[in-house]
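Here is the structure we will look at, set down as structure tokens.
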Amino acid sequence: MNFSETIVHWYQQNKRDLPWRNTTDPYVIWLSEIILQQTRVEQGMPYFYRFAEKYPTVTHFAAASEDEVLKLWQGLGYYSRGRNMLKTAQLVKQQFNGVFPSNYNDLIALKGIGEYTAAAISSFSANQAKAVVDGNVNRVIARYFGIDEPINSTKGKKLFQQMADDLLNKEYPALHNQAMMEFGALQCKPKSPDCGICPLRDGCFAYNNSAVNTLPVKLKKLTVKNRYFNYFVVIDEDRILLNKRDDTDIWANMYDLPMIETDGEQNVEKLFSSVEMTNLFGIMPHIIKEYPQKKHILTHQHIHARLFHIAIGVNNINLKASYFFIEVEKIKNLALPKLIFLFLTKFIEL
């Protein structure tokens, strides 16, 4: 058997039974592909079911509000994906009369759909001969053929796409693509792959040259930025003070708490006597309870968050345009960053 036949044979014997593999509906496949980007299948599966149940068609999705989508997306991270999904659904309703396209050229023009996603949807739904290249596919190709060009360099991206195109079985591209992705996910894993049972090991450069742990090569990530957020819980009887975030920073258009960002971890006395604190609350509030600092890891940022439950007269608060009081019981209906959601449900027990 050649390379593609070997991969496909392995796939037919070892593939997982995943719901989006039992359909050719481009809308359902789109849901799965966007949700699973940068997300493990085990983590993404519940979200896939939630979205598929809440929005059974792209027309249902297009009618949703951004708040509804972000709430459903809560905890999955990379919230721009959720916002782009809503924009895509609205475009499909407007431009394609609510029929989700399966043609690569139509797909690539939609918001939030890049080359990988367009190739995946067109291949899996319409069997178009488009090679799908994700991290799993890159890893299989790099190891088998011994390619040390960084997979995330401009040259590397072109090289791996070209190799995937050359390897693609034009007779059954959907099956070939699924097999390549699954082989990388289950067999040719990033760490400690079981090369002893690999059907490709005889021809694998990495296996025969002790390079399994060094391939693929990836350029170092950007420098991670540390940010220090000091959050304040203000409760007025059965209401809590929230903040509606703008669209210029992380967690765009989501809801969190009044917050002061500092350059580093600041001691409590200095924080509460700062100009920012005075501008926010007028007078120094009484601290009811300080909660342990939590570290929240984003792709290029590490958020170090502290939360203070404070007592302050409502009339003393300088209510910014983005601040508002809401009944405590209603905050669970809002799209909150996972960090804030866990703070409020676990520590404050709202």
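In the structure tokens, chains take letters A, B, ... by order of appearance, with residues numbered from 1 within each chain and ligands from 1 in the order shown.
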Each range 181-244 of chain A residue no farther than 7 Å from range 248-270 of chain A, nearest pair in Å, only C-alpha atoms, as CSV:
residue,atom,partner,partner_atom,distance
A:Tyr228,CA,A:Thr262,CA,5.5
A:Phe229,CA,A:Glu261,CA,4.6
A:Asn230,CA,A:Ile260,CA,5.2
A:Tyr231,CA,A:Met259,CA,4.4
A:Phe232,CA,A:Pro258,CA,5.6
A:Val233,CA,A:Leu257,CA,6.8
A:Leu241,CA,A:Leu257,CA,6.8
A:Leu242,CA,A:Leu257,CA,4.7
A:Asn243,CA,A:Leu257,CA,5.1
A:Lys244,CA,A:Tyr255,CA,4.7
Export N, CA and C atoms of the chosen residues as a PDB file, in the first residue's frame?
ATOM      1  N   TYR A 228      -1.965  42.579  35.442  1.00  0.00           N
ATOM      2  CA  TYR A 228      -2.427  42.453  36.820  1.00  0.00           C
ATOM      3  C   TYR A 228      -3.765  43.177  36.978  1.00  0.00           C
ATOM      4  N   PHE A 229      -4.823  42.386  37.174  1.00  0.00           N
ATOM      5  CA  PHE A 229      -6.182  42.912  37.282  1.00  0.00           C
ATOM      6  C   PHE A 229      -6.645  42.825  38.742  1.00  0.00           C
ATOM      7  N   ASN A 230      -7.157  43.940  39.247  1.00  0.00           N
ATOM      8  CA  ASN A 230      -7.703  43.988  40.600  1.00  0.00           C
ATOM      9  C   ASN A 230      -9.211  44.247  40.476  1.00  0.00           C
ATOM     10  N   TYR A 231      -9.994  43.229  40.781  1.00  0.00           N
ATOM     11  CA  TYR A 231     -11.436  43.301  40.612  1.00  0.00           C
ATOM     12  C   TYR A 231     -12.133  43.595  41.941  1.00  0.00           C
ATOM     13  N   PHE A 232     -13.301  44.248  41.819  1.00  0.00           N
ATOM     14  CA  PHE A 232     -14.048  44.621  43.013  1.00  0.00           C
ATOM     15  C   PHE A 232     -15.495  44.158  42.890  1.00  0.00           C
ATOM     16  N   VAL A 233     -15.942  43.445  43.917  1.00  0.00           N
ATOM     17  CA  VAL A 233     -17.340  43.022  43.989  1.00  0.00           C
ATOM     18  C   VAL A 233     -18.088  44.016  44.863  1.00  0.00           C
ATOM     19  N   LEU A 241     -22.691  45.047  40.957  1.00  0.00           N
ATOM     20  CA  LEU A 241     -22.177  46.016  39.987  1.00  0.00           C
ATOM     21  C   LEU A 241     -21.312  45.300  38.952  1.00  0.00           C
ATOM     22  N   LEU A 242     -21.667  45.443  37.680  1.00  0.00           N
ATOM     23  CA  LEU A 242     -20.916  44.826  36.582  1.00  0.00           C
ATOM     24  C   LEU A 242     -20.392  45.887  35.631  1.00  0.00           C
ATOM     25  N   ASN A 243     -19.492  45.453  34.761  1.00  0.00           N
ATOM     26  CA  ASN A 243     -18.896  46.314  33.743  1.00  0.00           C
ATOM     27  C   ASN A 243     -19.053  45.652  32.380  1.00  0.00           C
ATOM     28  N   LYS A 244     -19.511  46.401  31.400  1.00  0.00           N
ATOM     29  CA  LYS A 244     -19.595  45.909  30.023  1.00  0.00           C
ATOM     30  C   LYS A 244     -18.304  46.310  29.320  1.00  0.00           C
TER      31      LYS A 244
END
Exercise. Residues of range 39-281 of chain A in strand (DSSP E) according to DSSP, as a list in words?
Worked result: Lys225, Asn226, Arg227, Tyr228, Phe229, Asn230, Tyr231, Phe232, Val233, Val234, Ile235, Asp236, Arg239, Ile240, Leu241, Leu242, Asn243, Lys244, Tyr255, Asp256, Met259, Ile260, Glu261 and Thr262 of chain A
Exercise. Excluding same-chain residues fewer than 6 positions from Lys87 in chain A, what lies within 9 Å of it counting only C-alpha atoms, as a list in words?
Worked result: Ala62, Leu110, Lys111 and Gly112 of chain A
For this session: Tell me, as a VMD selection string, which residues lie within 12 Å of Leu344 in chain A, counting only C-alpha atoms; anything in the same chain fewer than 6 positions away does not count.
Result: chain A and resid 231 to 235 240 242 256 to 257 291 307 to 309 328 to 329 331 to 332 336 to 338 350
For those residues, write N, CA and C atoms to a file as an mmCIF file, in the first residue's frame.
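Okay, result.cif is ready:
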data_model
loop_
_atom_site.group_PDB
_atom_site.id
_atom_site.type_symbol
_atom_site.label_atom_id
_atom_site.label_comp_id
_atom_site.auth_asym_id
_atom_site.auth_seq_id
_atom_site.Cartn_x
_atom_site.Cartn_y
_atom_site.Cartn_z
ATOM 1 N N TYR A 231 -9.994 43.229 40.781
ATOM 2 C CA TYR A 231 -11.436 43.301 40.612
ATOM 3 C C TYR A 231 -12.133 43.595 41.941
ATOM 4 N N PHE A 232 -13.301 44.248 41.819
ATOM 5 C CA PHE A 232 -14.048 44.621 43.013
ATOM 6 C C PHE A 232 -15.495 44.158 42.890
ATOM 7 N N VAL A 233 -15.942 43.445 43.917
ATOM 8 C CA VAL A 233 -17.340 43.022 43.989
ATOM 9 C C VAL A 233 -18.088 44.016 44.863
ATOM 10 N N VAL A 234 -19.089 44.654 44.283
ATOM 11 C CA VAL A 234 -19.938 45.595 45.015
ATOM 12 C C VAL A 234 -21.372 45.083 44.926
ATOM 13 N N ILE A 235 -21.946 44.762 46.074
ATOM 14 C CA ILE A 235 -23.310 44.234 46.103
ATOM 15 C C ILE A 235 -24.213 45.201 46.850
ATOM 16 N N ILE A 240 -25.699 43.387 41.888
ATOM 17 C CA ILE A 240 -24.237 43.418 41.835
ATOM 18 C C ILE A 240 -23.806 44.371 40.735
ATOM 19 N N LEU A 242 -21.667 45.443 37.680
ATOM 20 C CA LEU A 242 -20.916 44.826 36.582
ATOM 21 C C LEU A 242 -20.392 45.887 35.631
ATOM 22 N N ASP A 256 -17.625 41.890 32.920
ATOM 23 C CA ASP A 256 -16.819 41.534 34.084
ATOM 24 C C ASP A 256 -17.167 42.494 35.222
ATOM 25 N N LEU A 257 -16.251 42.697 36.129
ATOM 26 C CA LEU A 257 -16.484 43.540 37.301
ATOM 27 C C LEU A 257 -15.692 44.839 37.208
ATOM 28 N N TYR A 291 -9.884 37.638 48.084
ATOM 29 C CA TYR A 291 -9.800 36.255 47.605
ATOM 30 C C TYR A 291 -8.427 35.971 47.015
ATOM 31 N N LEU A 307 -9.416 39.521 43.607
ATOM 32 C CA LEU A 307 -10.787 39.971 43.742
ATOM 33 C C LEU A 307 -11.039 40.389 45.187
ATOM 34 N N PHE A 308 -11.630 41.572 45.320
ATOM 35 C CA PHE A 308 -11.950 42.107 46.638
ATOM 36 C C PHE A 308 -13.461 42.314 46.739
ATOM 37 N N HIS A 309 -14.050 41.717 47.757
ATOM 38 C CA HIS A 309 -15.454 41.999 48.062
ATOM 39 C C HIS A 309 -15.444 43.198 48.993
ATOM 40 N N VAL A 328 -28.455 39.821 41.081
ATOM 41 C CA VAL A 328 -27.446 38.766 41.185
ATOM 42 C C VAL A 328 -27.857 37.512 40.423
ATOM 43 N N GLU A 329 -29.119 37.144 40.530
ATOM 44 C CA GLU A 329 -29.575 35.897 39.909
ATOM 45 C C GLU A 329 -29.515 35.941 38.384
ATOM 46 N N ILE A 331 -26.984 37.301 36.544
ATOM 47 C CA ILE A 331 -25.644 37.351 35.938
ATOM 48 C C ILE A 331 -25.271 36.046 35.238
ATOM 49 N N LYS A 332 -25.929 34.951 35.633
ATOM 50 C CA LYS A 332 -25.629 33.670 34.993
ATOM 51 C C LYS A 332 -26.100 33.623 33.545
ATOM 52 N N LEU A 336 -19.732 35.928 30.592
ATOM 53 C CA LEU A 336 -18.644 36.352 31.474
ATOM 54 C C LEU A 336 -17.369 35.617 31.102
ATOM 55 N N PRO A 337 -16.205 36.277 31.178
ATOM 56 C CA PRO A 337 -14.949 35.533 31.030
ATOM 57 C C PRO A 337 -14.926 34.407 32.064
ATOM 58 N N LYS A 338 -14.338 33.298 31.706
ATOM 59 C CA LYS A 338 -14.332 32.144 32.607
ATOM 60 C C LYS A 338 -13.751 32.504 33.971
ATOM 61 N N LEU A 350 -22.563 32.892 44.189
ATOM 62 C CA LEU A 350 -23.770 33.555 43.695
ATOM 63 C C LEU A 350 -24.630 32.558 42.948
#
Exercise. Hey, which of A:Arg83, A:Ser102, A:Ser273, A:Gln301 ends up closest to Val28 in chain A? Count only C-alpha atoms.
Worked result: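 Looking at the shortest contact to Val28 in chain A, the residue is A:Ser102.
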Problem set entry | A:Leu342, A:Leu200, A:Ala185, A:Ile283 ranked by distance to Asn14 in chain A, top pick (using only C-alpha atoms) |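 Among the listed residues, the smallest separation from Asn14 in chain A belongs to A:Ala185.
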Exercise. At what distance in Å, to one decimal, does CA of Leu339 in chain A lie from CA of Val314 in chain A?
Worked result: 25.1 Å
Exercise. Nearest to Ile141 in chain A: which of A:Gly75, A:Gly114, A:Pro216, A:Pro101 is it, counting only C-alpha atoms?
Worked result: A:Pro216
Exercise. Could you state the separation of CA of Asn315 in chain A and CA of Glu276 in chain A in Å, given to one decimal place?
Worked result: 17.4 Å
For this session: Report the residues of range 37-259 of chain A whose backbone DSSP state falls under alpha helix (DSSP H), written as a PyMOL selection string.
Result: chain A and resi 41-54+58-62+66-73+79-95+104-108+115-126+135-145+154-167+173-182+205-208
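Here CA of Asn333 in chain A is placed at a distance of 22.8 Å from CA of Gln90 in chain A.
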Seminar exercise, completed: One residue among A:His302, A:Lys320, A:His296, A:Lys158 is nearest to Asn279 in chain A when using only C-alpha atoms, and that residue is A:Lys320
